[in-house]
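Visitor: As input, take model-v8.cif (mmCIF, C-alpha atoms and all ligand atoms):
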```
data_work
#
loop_
_atom_site.label_atom_id
_atom_site.label_comp_id
_atom_site.auth_asym_id
_atom_site.auth_seq_id
_atom_site.Cartn_x
_atom_site.Cartn_y
_atom_site.Cartn_z
CA MET A 7 54.68 74.70 74.87
CA LYS A 8 53.67 73.36 78.26
CA ASP A 9 53.81 76.95 79.70
CA SER A 10 51.53 78.29 77.04
CA VAL A 11 49.00 75.52 77.69
CA MET A 12 49.05 76.21 81.42
CA THR A 13 48.64 79.95 80.84
CA SER A 14 45.61 79.53 78.67
CA GLU A 15 44.02 77.12 81.21
CA ALA A 16 44.66 79.62 84.03
CA GLU A 17 43.15 82.39 81.94
CA LYS A 18 40.12 80.20 81.30
CA ALA A 19 39.70 79.59 85.02
CA GLU A 20 39.78 83.36 85.75
CA THR A 21 37.61 84.39 82.83
CA PRO A 22 33.94 83.98 83.71
CA PRO A 23 31.90 81.98 81.27
CA VAL A 24 30.17 83.94 78.56
CA GLY A 25 26.75 85.07 79.81
CA GLY A 26 27.67 84.90 83.56
CA ASP A 27 27.90 88.70 83.84
CA ASP A 28 24.54 89.10 82.19
CA ARG A 29 22.93 86.61 84.56
CA ARG A 30 24.50 88.20 87.63
CA SER A 31 23.54 91.72 86.58
CA PHE A 32 20.00 90.55 85.76
CA ILE A 33 19.67 88.96 89.22
CA ALA A 34 21.11 92.10 90.86
CA ARG A 35 18.72 94.33 88.92
CA PHE A 36 15.76 92.05 89.63
CA SER A 37 16.59 92.02 93.36
CA GLY A 38 16.84 95.82 93.29
CA TRP A 39 13.44 96.17 91.61
CA TRP A 40 11.92 93.65 94.01
CA MET A 41 13.29 95.47 97.06
CA GLY A 42 12.19 98.82 95.64
CA TRP A 43 8.70 97.46 94.99
CA GLY A 44 8.56 96.07 98.53
CA LEU A 45 9.57 99.43 99.99
CA VAL A 46 7.09 101.37 97.86
CA SER A 47 4.17 99.07 98.70
CA GLY A 48 5.13 98.99 102.39
CA TYR A 49 5.36 102.77 102.63
CA GLY A 50 2.17 103.14 100.56
CA TYR A 51 0.22 100.93 102.93
CA PHE A 52 1.65 102.80 105.92
CA ALA A 53 0.76 106.15 104.33
CA SER A 54 -2.82 105.00 103.64
CA MET A 55 -3.20 103.96 107.30
CA ILE A 56 -2.01 107.41 108.42
CA VAL A 57 -4.42 109.15 106.03
CA ARG A 58 -7.32 107.00 107.31
CA PHE A 59 -6.36 107.85 110.88
CA LEU A 60 -6.03 111.58 110.22
CA TYR A 61 -9.11 111.86 108.01
CA PRO A 62 -11.62 109.28 109.25
CA SER A 63 -14.19 108.42 106.62
CA SER A 64 -17.22 110.63 106.62
CA GLN A 65 -19.52 107.82 107.74
CA SER A 66 -21.80 106.33 105.10
CA GLU A 67 -21.16 108.74 102.22
CA ASN A 68 -21.04 105.99 99.63
CA LYS A 69 -23.10 103.34 101.36
CA ASN A 70 -26.73 102.36 101.07
CA LYS A 71 -28.92 104.10 103.63
CA SER A 72 -32.21 102.96 105.07
CA TRP A 73 -34.48 103.67 108.02
CA GLN A 74 -33.43 101.76 111.11
CA PHE A 75 -35.22 101.38 114.40
CA VAL A 76 -33.54 103.14 117.34
CA ALA A 77 -35.88 103.02 120.36
CA GLU A 78 -39.37 103.77 121.62
CA VAL A 79 -39.81 107.52 121.86
CA ASN A 80 -41.06 107.26 125.45
CA SER A 81 -37.94 105.44 126.56
CA PHE A 82 -36.06 108.77 126.34
CA LYS A 83 -36.41 111.53 128.91
CA GLN A 84 -35.46 115.05 127.93
CA GLY A 85 -31.63 115.29 128.01
CA ASP A 86 -31.19 111.53 127.56
CA SER A 87 -28.78 110.37 124.92
CA LEU A 88 -27.65 107.12 123.38
CA THR A 89 -25.07 106.01 120.87
CA PHE A 90 -26.39 104.21 117.81
CA ILE A 91 -24.17 102.12 115.51
CA SER A 92 -25.61 101.09 112.17
CA PRO A 93 -24.79 97.79 110.43
CA ALA A 94 -22.47 99.73 108.12
CA GLY A 95 -20.59 101.18 111.08
CA ASP A 96 -22.12 104.68 111.15
CA LYS A 97 -21.93 106.01 114.69
CA ALA A 98 -24.48 108.54 115.89
CA VAL A 99 -25.19 110.13 119.24
CA ILE A 100 -28.95 110.70 119.53
CA THR A 101 -30.21 113.14 122.16
CA ARG A 102 -33.70 114.11 123.20
CA MET A 103 -34.01 117.90 123.40
CA GLY A 104 -37.82 118.34 123.65
CA MET A 105 -41.02 116.55 124.71
CA LYS A 106 -43.51 117.11 121.87
CA GLY A 107 -43.40 113.48 120.78
CA SER A 108 -42.12 114.05 117.25
CA GLU A 109 -38.74 113.76 115.54
CA ALA A 110 -38.26 117.49 116.21
CA ASP A 111 -37.57 116.50 119.83
CA PHE A 112 -34.42 114.67 118.83
CA ILE A 113 -31.10 115.43 117.28
CA ALA A 114 -28.78 112.79 115.80
CA LEU A 115 -25.19 113.77 115.19
CA SER A 116 -22.16 111.78 114.19
CA SER A 117 -20.37 110.65 117.34
CA VAL A 118 -17.06 110.58 115.46
CA CYS A 119 -15.06 113.71 116.24
CA PRO A 120 -14.10 115.43 112.98
CA HIS A 121 -10.69 116.26 114.44
CA LEU A 122 -9.05 112.83 114.82
CA GLY A 123 -11.98 110.46 115.13
CA CYS A 124 -12.43 110.03 118.91
CA GLN A 125 -15.92 109.37 120.29
CA VAL A 126 -17.99 112.43 121.17
CA HIS A 127 -20.63 112.20 123.92
CA TRP A 128 -23.46 114.39 125.15
CA GLU A 129 -22.97 116.27 128.45
CA SER A 130 -26.41 117.25 129.62
CA SER A 131 -25.13 119.32 132.55
CA ASN A 132 -22.92 121.42 130.25
CA ASN A 133 -25.43 121.46 127.36
CA ARG A 134 -22.74 120.39 124.91
CA TYR A 135 -21.18 117.48 123.06
CA PHE A 136 -17.67 116.82 124.26
CA CYS A 137 -14.67 115.01 122.83
CA PRO A 138 -12.26 113.97 125.62
CA CYS A 139 -9.25 113.45 123.36
CA HIS A 140 -8.25 117.09 122.87
CA GLY A 141 -11.05 119.01 124.58
CA GLY A 142 -13.21 119.48 121.49
CA ALA A 143 -16.71 120.77 122.25
CA PHE A 144 -19.86 121.30 120.17
CA ASP A 145 -23.15 123.07 120.85
CA PRO A 146 -26.47 121.13 120.87
CA LYS A 147 -26.72 121.54 117.07
CA GLY A 148 -23.23 120.15 116.49
CA LYS A 149 -21.44 123.45 115.82
CA PRO A 150 -17.87 123.53 117.21
CA THR A 151 -17.36 125.73 120.27
CA ALA A 152 -13.94 124.74 121.60
CA GLY A 153 -10.72 122.87 120.91
CA PRO A 154 -9.26 121.78 117.56
CA PRO A 155 -12.70 121.35 115.88
CA LYS A 156 -13.48 125.03 116.60
CA ALA A 157 -10.08 126.13 115.28
CA ALA A 158 -10.72 124.14 112.09
CA GLY A 159 -14.45 125.00 111.82
CA GLN A 160 -15.46 121.31 111.88
CA SER A 161 -19.10 120.59 112.82
CA LEU A 162 -20.63 117.20 113.63
CA PRO A 163 -22.58 115.85 110.63
CA HIS A 164 -26.33 115.30 111.13
CA PHE A 165 -28.40 112.17 110.58
CA THR A 166 -32.08 112.28 109.60
CA LEU A 167 -34.67 110.96 112.08
CA LYS A 168 -38.37 110.15 111.96
CA VAL A 169 -41.01 109.07 114.47
CA GLU A 170 -43.72 106.58 113.48
CA ASN A 171 -46.16 105.02 115.92
CA GLU A 172 -44.08 106.37 118.81
CA LEU A 173 -40.99 104.61 117.52
CA LEU A 174 -37.83 106.51 116.63
CA TYR A 175 -35.96 105.68 113.40
CA ILE A 176 -32.67 106.92 111.97
CA LYS A 177 -31.57 106.93 108.34
CA ALA A 178 -28.12 105.38 108.33
CA GLY A 179 -25.86 103.08 106.38
CA THR A 180 -26.73 99.45 105.82
CA ARG A 181 -24.56 96.70 104.46
CA SER A 182 -25.41 95.55 100.98
CA LEU A 183 -25.89 91.78 100.67
CA VAL A 184 -24.76 91.76 97.02
FE1 LIG B 201 -11.79 115.21 119.18
FE2 LIG B 201 -9.24 115.80 118.87
S1 LIG B 201 -10.24 113.96 118.38
S2 LIG B 201 -10.80 117.03 119.71
#
```
Translate the structure described by the file into structure tokens.
Ligand code: FES

Guide:
Amino acid sequence: MKDSVMTSEAEKAETPPVGGDDRRSFIARFSGWWMGWGLVSGYGYFASMIVRFLYPSSQSENKNKSWQFVAEVNSFKQGDSLTFISPAGDKAVITRMGMKGSEADFIALSSVCPHLGCQVHWESSNNRYFCPCHGGAFDPKGKPTAGPPKAAGQSLPHFTLKVENELLYIKAGTRSLV
């Protein structure tokens, strides 16, 4: 009699309480989902950063644009160039190509290389825009002439310019206040 009592108490001690398995398997499953979710969101964020690096946004495609003052026309000599950054982050390299005194004298191109997003600058002595990262080059109208942009047929996008009262303006992205 005593043996049978002891046996059933030992069995009780080894047998997990009813519901313990369910709780443990729920916790294990929940931990698995949580870890999986963490991995997916981590890799997703990493992938989005890579995509943004490889395909830099095409400037202010979806932003508001407005006319913005750049400089007095007479402050540029022929062949001079400057980099303009709009409040929305559009980057343009503006170069004076002629001396008539109108917007036709100027060209404004994106200074963001369409290959991997490095900064392009004007080289007056070589009559070209140059990207130092991988030797990309563009003619004075922004057409690719060398390096990866030429291989991929990637030109520099244009910005619109106007001259009013001898002041040069560019149409570029602004930040909306609402
Ligand atoms: Fe300009 Fe590669 S980033 S050539």

Visitor: Which chains and residue numbers are within 10 Å of ligand LIG 201 (chain B), counting all atoms listed in the file, if I want them as JSON, numbers by chain?

Guide: {"A": [60, 117, 118, 119, 120, 121, 122, 123, 124, 125, 126, 136, 137, 138, 139, 140, 141, 142, 143, 150, 152, 153, 154, 155, 156]}

Visitor: Tell me, counting only C-alpha atoms, for each residue of range 131-174 of chain A within 12 Å of range 82-101 of chain A, which pair of atoms is nearest and how far apart they are in Å to one decimal, in rows ordered by chain and increasing number, as CSV.

Guide:
```
residue,atom,partner,partner_atom,distance
A:Ser131,CA,A:Gly85,CA,8.9
A:Asn132,CA,A:Gly85,CA,10.9
A:Asn133,CA,A:Gly85,CA,8.8
A:Arg134,CA,A:Gly85,CA,10.7
A:Tyr135,CA,A:Val99,CA,9.2
A:Phe136,CA,A:Val99,CA,11.2
A:Pro146,CA,A:Thr101,CA,8.9
A:Lys147,CA,A:Thr101,CA,10.4
A:Gly148,CA,A:Val99,CA,10.6
A:Leu162,CA,A:Ala98,CA,9.7
A:Pro163,CA,A:Ala98,CA,9.2
A:His164,CA,A:Ala98,CA,8.5
A:Phe165,CA,A:Ala98,CA,7.5
A:Thr166,CA,A:Ile100,CA,10.5
A:Leu167,CA,A:Ile100,CA,9.4
A:Glu172,CA,A:Phe82,CA,11.3
A:Leu173,CA,A:Phe82,CA,10.9
A:Leu174,CA,A:Phe82,CA,10.1
```

Visitor: Out of A:Val169, A:Ala157, A:Ala34, A:Ala178, which residue has the shortest atom-to-atom distance to Phe112 in chain A when counting only C-alpha atoms?

Guide: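 Smallest distance to Phe112 in chain A is found for A:Val169.
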
Visitor: For CA of Leu115 in chain A and CA of Ser161 in chain A, quote the distance in Å rounded to one decimal.

Guide: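 Pair CA of Leu115 in chain A / CA of Ser161 in chain A returns 9.4 Å.
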
Visitor: Could you check how far CA of Ser130 in chain A sits from CA of Glu170 in chain A, in Å to one decimal?

Guide: 26.0 Å

Visitor: Could you work out how far CA of Ser108 in chain A lies from CA of Tyr175 in chain A, giving the answer in Å with one decimal?

Guide: 11.1 Å

Visitor: Give as a tab-separated table (two decimals) with C-alpha atoms, in the coordinates of the input every residue, naming chains and numbers as the document does, that has an atom within 7 Å of (-27.4, 97.6, 106.0), counting only C-alpha atoms.

Guide:
```
chain	number	residue	atom	x	y	z
A	70	ASN	CA	-26.73	102.36	101.07
A	93	PRO	CA	-24.79	97.79	110.43
A	94	ALA	CA	-22.47	99.73	108.12
A	179	GLY	CA	-25.86	103.08	106.38
A	180	THR	CA	-26.73	99.45	105.82
A	181	ARG	CA	-24.56	96.70	104.46
A	182	SER	CA	-25.41	95.55	100.98
```

Visitor: Give as a PyMOL selection string each residue that has an atom at most 8 Å from (-35.3, 102.9, 110.4) in the file, counting all atoms listed in the file.

Guide: chain A and resi 72-76+174-178

Visitor: Give me a file of those residues, with C-alpha atoms, as a CSV table (one decimal), keeping the file's coordinate frame.

Guide:
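Heads up, here's the output in result-v4.csv:
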```csv
chain,number,residue,atom,x,y,z
A,72,SER,CA,-32.2,103.0,105.1
A,73,TRP,CA,-34.5,103.7,108.0
A,74,GLN,CA,-33.4,101.8,111.1
A,75,PHE,CA,-35.2,101.4,114.4
A,76,VAL,CA,-33.5,103.1,117.3
A,174,LEU,CA,-37.8,106.5,116.6
A,175,TYR,CA,-36.0,105.7,113.4
A,176,ILE,CA,-32.7,106.9,112.0
A,177,LYS,CA,-31.6,106.9,108.3
A,178,ALA,CA,-28.1,105.4,108.3
```

Visitor: Of the candidates A:Asp145, A:Asp28, A:Trp39, A:Lys71, which shows the shortest atom-to-atom distance to Ile113 in chain A, using all atoms listed in the file?

Guide: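 Closest residue, counting all atoms listed in the file: A:Asp145.
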
Visitor: Kindly indicate which residue among A:Val79, A:Thr151, A:Arg35, A:Phe144 lies nearest to Met105 in chain A, using only C-alpha atoms for the distances.

Guide: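 Ranking A:Val79, A:Thr151, A:Arg35, A:Phe144 by distance to Met105 in chain A, first place goes to A:Val79.
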
Visitor: Quick one: range 145-163 of chain A with N, CA and C atoms, as a PDB file, in the frame of the given file?

Guide:
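File written: part.pdb
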```pdb
ATOM      1  N   ASP A 145     -21.868 122.666 120.268  1.00  0.00           N
ATOM      2  CA  ASP A 145     -23.150 123.070 120.850  1.00  0.00           C
ATOM      3  C   ASP A 145     -24.215 122.019 120.535  1.00  0.00           C
ATOM      4  N   PRO A 146     -25.446 122.177 121.079  1.00  0.00           N
ATOM      5  CA  PRO A 146     -26.470 121.130 120.870  1.00  0.00           C
ATOM      6  C   PRO A 146     -26.844 120.893 119.408  1.00  0.00           C
ATOM      7  N   LYS A 147     -26.449 121.777 118.503  1.00  0.00           N
ATOM      8  CA  LYS A 147     -26.720 121.540 117.070  1.00  0.00           C
ATOM      9  C   LYS A 147     -25.498 120.982 116.348  1.00  0.00           C
ATOM     10  N   GLY A 148     -24.411 120.744 117.097  1.00  0.00           N
ATOM     11  CA  GLY A 148     -23.230 120.150 116.490  1.00  0.00           C
ATOM     12  C   GLY A 148     -22.200 121.147 115.989  1.00  0.00           C
ATOM     13  N   LYS A 149     -22.426 122.449 116.265  1.00  0.00           N
ATOM     14  CA  LYS A 149     -21.440 123.450 115.820  1.00  0.00           C
ATOM     15  C   LYS A 149     -20.264 123.468 116.795  1.00  0.00           C
ATOM     16  N   PRO A 150     -19.027 123.586 116.312  1.00  0.00           N
ATOM     17  CA  PRO A 150     -17.870 123.530 117.210  1.00  0.00           C
ATOM     18  C   PRO A 150     -17.767 124.784 118.075  1.00  0.00           C
ATOM     19  N   THR A 151     -17.471 124.576 119.361  1.00  0.00           N
ATOM     20  CA  THR A 151     -17.360 125.730 120.270  1.00  0.00           C
ATOM     21  C   THR A 151     -16.008 125.787 120.976  1.00  0.00           C
ATOM     22  N   ALA A 152     -15.235 124.721 120.915  1.00  0.00           N
ATOM     23  CA  ALA A 152     -13.940 124.740 121.600  1.00  0.00           C
ATOM     24  C   ALA A 152     -13.009 123.684 121.011  1.00  0.00           C
ATOM     25  N   GLY A 153     -11.718 123.866 121.293  1.00  0.00           N
ATOM     26  CA  GLY A 153     -10.720 122.870 120.910  1.00  0.00           C
ATOM     27  C   GLY A 153     -10.396 122.869 119.423  1.00  0.00           C
ATOM     28  N   PRO A 154      -9.674 121.844 118.978  1.00  0.00           N
ATOM     29  CA  PRO A 154      -9.260 121.780 117.560  1.00  0.00           C
ATOM     30  C   PRO A 154     -10.429 121.850 116.566  1.00  0.00           C
ATOM     31  N   PRO A 155     -11.609 121.222 116.866  1.00  0.00           N
ATOM     32  CA  PRO A 155     -12.700 121.350 115.880  1.00  0.00           C
ATOM     33  C   PRO A 155     -13.138 122.801 115.679  1.00  0.00           C
ATOM     34  N   LYS A 156     -13.106 123.614 116.760  1.00  0.00           N
ATOM     35  CA  LYS A 156     -13.480 125.030 116.600  1.00  0.00           C
ATOM     36  C   LYS A 156     -12.434 125.740 115.750  1.00  0.00           C
ATOM     37  N   ALA A 157     -11.152 125.466 116.046  1.00  0.00           N
ATOM     38  CA  ALA A 157     -10.080 126.130 115.280  1.00  0.00           C
ATOM     39  C   ALA A 157     -10.192 125.794 113.793  1.00  0.00           C
ATOM     40  N   ALA A 158     -10.633 124.558 113.497  1.00  0.00           N
ATOM     41  CA  ALA A 158     -10.720 124.140 112.090  1.00  0.00           C
ATOM     42  C   ALA A 158     -12.116 124.335 111.502  1.00  0.00           C
ATOM     43  N   GLY A 159     -13.081 124.803 112.312  1.00  0.00           N
ATOM     44  CA  GLY A 159     -14.450 125.000 111.820  1.00  0.00           C
ATOM     45  C   GLY A 159     -15.125 123.698 111.435  1.00  0.00           C
ATOM     46  N   GLN A 160     -14.909 122.626 112.223  1.00  0.00           N
ATOM     47  CA  GLN A 160     -15.460 121.310 111.880  1.00  0.00           C
ATOM     48  C   GLN A 160     -16.686 121.002 112.738  1.00  0.00           C
ATOM     49  N   SER A 161     -17.858 120.940 112.105  1.00  0.00           N
ATOM     50  CA  SER A 161     -19.100 120.590 112.820  1.00  0.00           C
ATOM     51  C   SER A 161     -19.286 119.079 112.818  1.00  0.00           C
ATOM     52  N   LEU A 162     -20.255 118.618 113.638  1.00  0.00           N
ATOM     53  CA  LEU A 162     -20.630 117.200 113.630  1.00  0.00           C
ATOM     54  C   LEU A 162     -21.717 117.006 112.573  1.00  0.00           C
ATOM     55  N   PRO A 163     -21.532 116.095 111.642  1.00  0.00           N
ATOM     56  CA  PRO A 163     -22.580 115.850 110.630  1.00  0.00           C
ATOM     57  C   PRO A 163     -23.876 115.339 111.265  1.00  0.00           C
TER      58      PRO A 163
END
```
